[in-house]
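A.B. asks: Have a look at this one.
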Amino acid sequence: MKMNANDVVEAYVTDVALQLSRKQRNDVAFELRALINEGLQDKAEETGRVIDAAMATEFLNAFGHPDVVAARYRPALNVIDPADGQKFLRATFIGLAIIWGLGLLELPQTASDVGFLNALAKWWMDTVIGSLWWPGVLVAGFGISAWVGRRWPKNPEWKPKSNDRIRGGRLGMVMGLFGVMFGLYILAEPRWVLDVVWGGHAAPVAYQALTYTDSFLQLQGPILFTLILLYIPFFIAVLVKGRHTPMLRRIETASSLLTCAVMVWVIMGGPIFMTATSDGMTKLLMLLIVIFSLIVLAVQMYQSVKPTPNQQPQIQ
Amino acid sequence: MANTDTFNKLELELRRGVVVLATLSQLRAPRYGYELRQALSDKGMPIEEGTLYPLLRRLETQGLLKSEWKLEGGSQRRYYSLNADGRKLLKKLVESWQGMNDAMNELLKED
């Protein structure tokens, strides 16, 4: 159907008005139509043209797309606070990369069962498409946070926090210290847990499951325990200083990397426990600790700031 | 051209900063949308229709303008003008603008 100028204007006004609230829709549409017609009339007089559909379309294109114009009638609404935009994108990409990466770990196993292309299709459907819950959760989380921020605005005053502060405070560090000591005690004699929980009456197979192999006790065990033991003087040093000095930070990073390396060596080495189940479970837990520690180190490295000019200053 | 693009973007930013003040300044007496646009354009501040007409509604929602429909020459038109709050705000904005304008003139003087 061929449209005339009136039809074009009506279509434009409808496209704008439909995006507005019912309360203002008809009133705005009436006003907008009158203003467009008046503008169009003036344009026709200026140019000496007769108003037709082409001229109306040209005029309305200069007016702006109906979506844009309708958006201008509404108050600005940010689901995610613009200040959080970068954080949102970063969390989205990192989260998706982790989910997709973990999914890829299963790919070789699946490929051996159903073939590579089928495994890839399964990864795409189950992991990639399935991972879309993550951006959804982030939108909801950031959206709620933005709403709370608007509803109950925070005190905008900035309070300085020392970069060297102990996260969790001294109390947290003391608890960490006790945690390490307790963990070391259990690691030294894991069967102690069975005695505590079952009063020494656990099944023999349970004791066997938590018995270290001789090879672990002779080689990897002492090295790993010594390394973990060294965290105790480190924690005490941080407690005494009351902060993480640059030297303590460097020691912490080096010891974390060393511990990760030793744990990987232990995982790759022979069995730790006498039974395959407890051995596999322990190695899986150690692998998770290594991954978590490396992520923490990577985040710390990413978040470090060293004010440095990006070129040598010229001497004047 | 990158320079033209940058200029257009920065000029748009400058214009955005003054659109509200320019609009309020021309609403001491009642005007309807098209008439207001002509008045602004005649004084060297053309504002696109697609920007100006929604702005009038937003300023009204913010409680700075009052409006009423009037029948004039056979056409119904919605006339907008400053209300008491709008007048007070305009006074403050004008003072602020004049302060900034003086400062900018000083800054832009060539040594």
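The way I read the labels, and the way they are meant: chains A, B, ... in the order of the structure tokens, residue 1 as the first residue of every chain, and ligand 1 as the first ligand shown, with later ones counted on from there.
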Output as CSV one row per residue of chain B within 6 Å of chain A: the closest atom pair and its distance in Å to one decimal place, counting only C-alpha atoms, sorted by chain and residue number ascending.
C.D. replies:
residue,atom,partner,partner_atom,distance
B:Glu49,CA,A:Phe63,CA,6.0
B:Gly50,CA,A:Phe63,CA,5.0
B:Pro54,CA,A:Tyr73,CA,4.5
A.B. asks: Mind dumping the selected residues with N, CA and C atoms as a compact mmCIF listing (two decimals), in the first residue's frame?
C.D. replies:
# COMPACT_ATOMS: atom_id res chain seq x y z
N GLU B 49 14.56 19.03 16.88
CA GLU B 49 13.21 18.79 17.42
C GLU B 49 13.17 17.54 18.29
N GLY B 50 13.86 16.50 17.80
CA GLY B 50 13.85 15.22 18.51
C GLY B 50 14.51 15.30 19.88
N PRO B 54 11.12 16.21 23.65
CA PRO B 54 11.17 15.35 24.85
C PRO B 54 11.73 16.08 26.07
A.B. asks: Hey, what's within 8 Å of segment 63-77 of chain B if we count only C-alpha atoms and toss same-chain stuff fewer than 5 positions away? As a list in words, please?
C.D. replies: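 After dropping sequence-adjacent residues, the list is Glu31 and Ala34 of chain A; Tyr32, Leu56, Leu82, Asn83, Ala84, Asp85, Gly86, Arg87 and Leu89 of chain B.
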A.B. asks: Could you jot down the atom CA of Gln26 of chain B to atom CA of Phe59 of chain A separation for me, Å, one decimal place?
C.D. replies: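 The value is 24.8 Å.
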A.B. asks: Which residue out of A:Tyr302, A:Ala29, A:Leu258, A:Met173 has the minimum interatomic distance to Val240 of chain A when only C-alpha atoms are used?
C.D. replies: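 With only C-alpha atoms as the atom set, the closest residue is A:Met173.
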A.B. asks: Compile the contact shell of Leu177 of chain A as a list of chain:residue names: residues with an atom at most 9 Å away, counting only C-alpha atoms, same-chain residues fewer than 5 positions apart removed.
C.D. replies: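 With the cut-off at 9 Å, the set is A:Gly172, A:Phe182, A:Tyr231, A:Ile232, A:Phe235, A:Ile236.
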A.B. asks: Quick check, in Å to one decimal: how far apart do atom CA of Leu40 of chain B and atom CA of Ser21 of chain A lie?
C.D. replies: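 We find that atom CA of Leu40 of chain B and atom CA of Ser21 of chain A lie 29.1 Å from each other.
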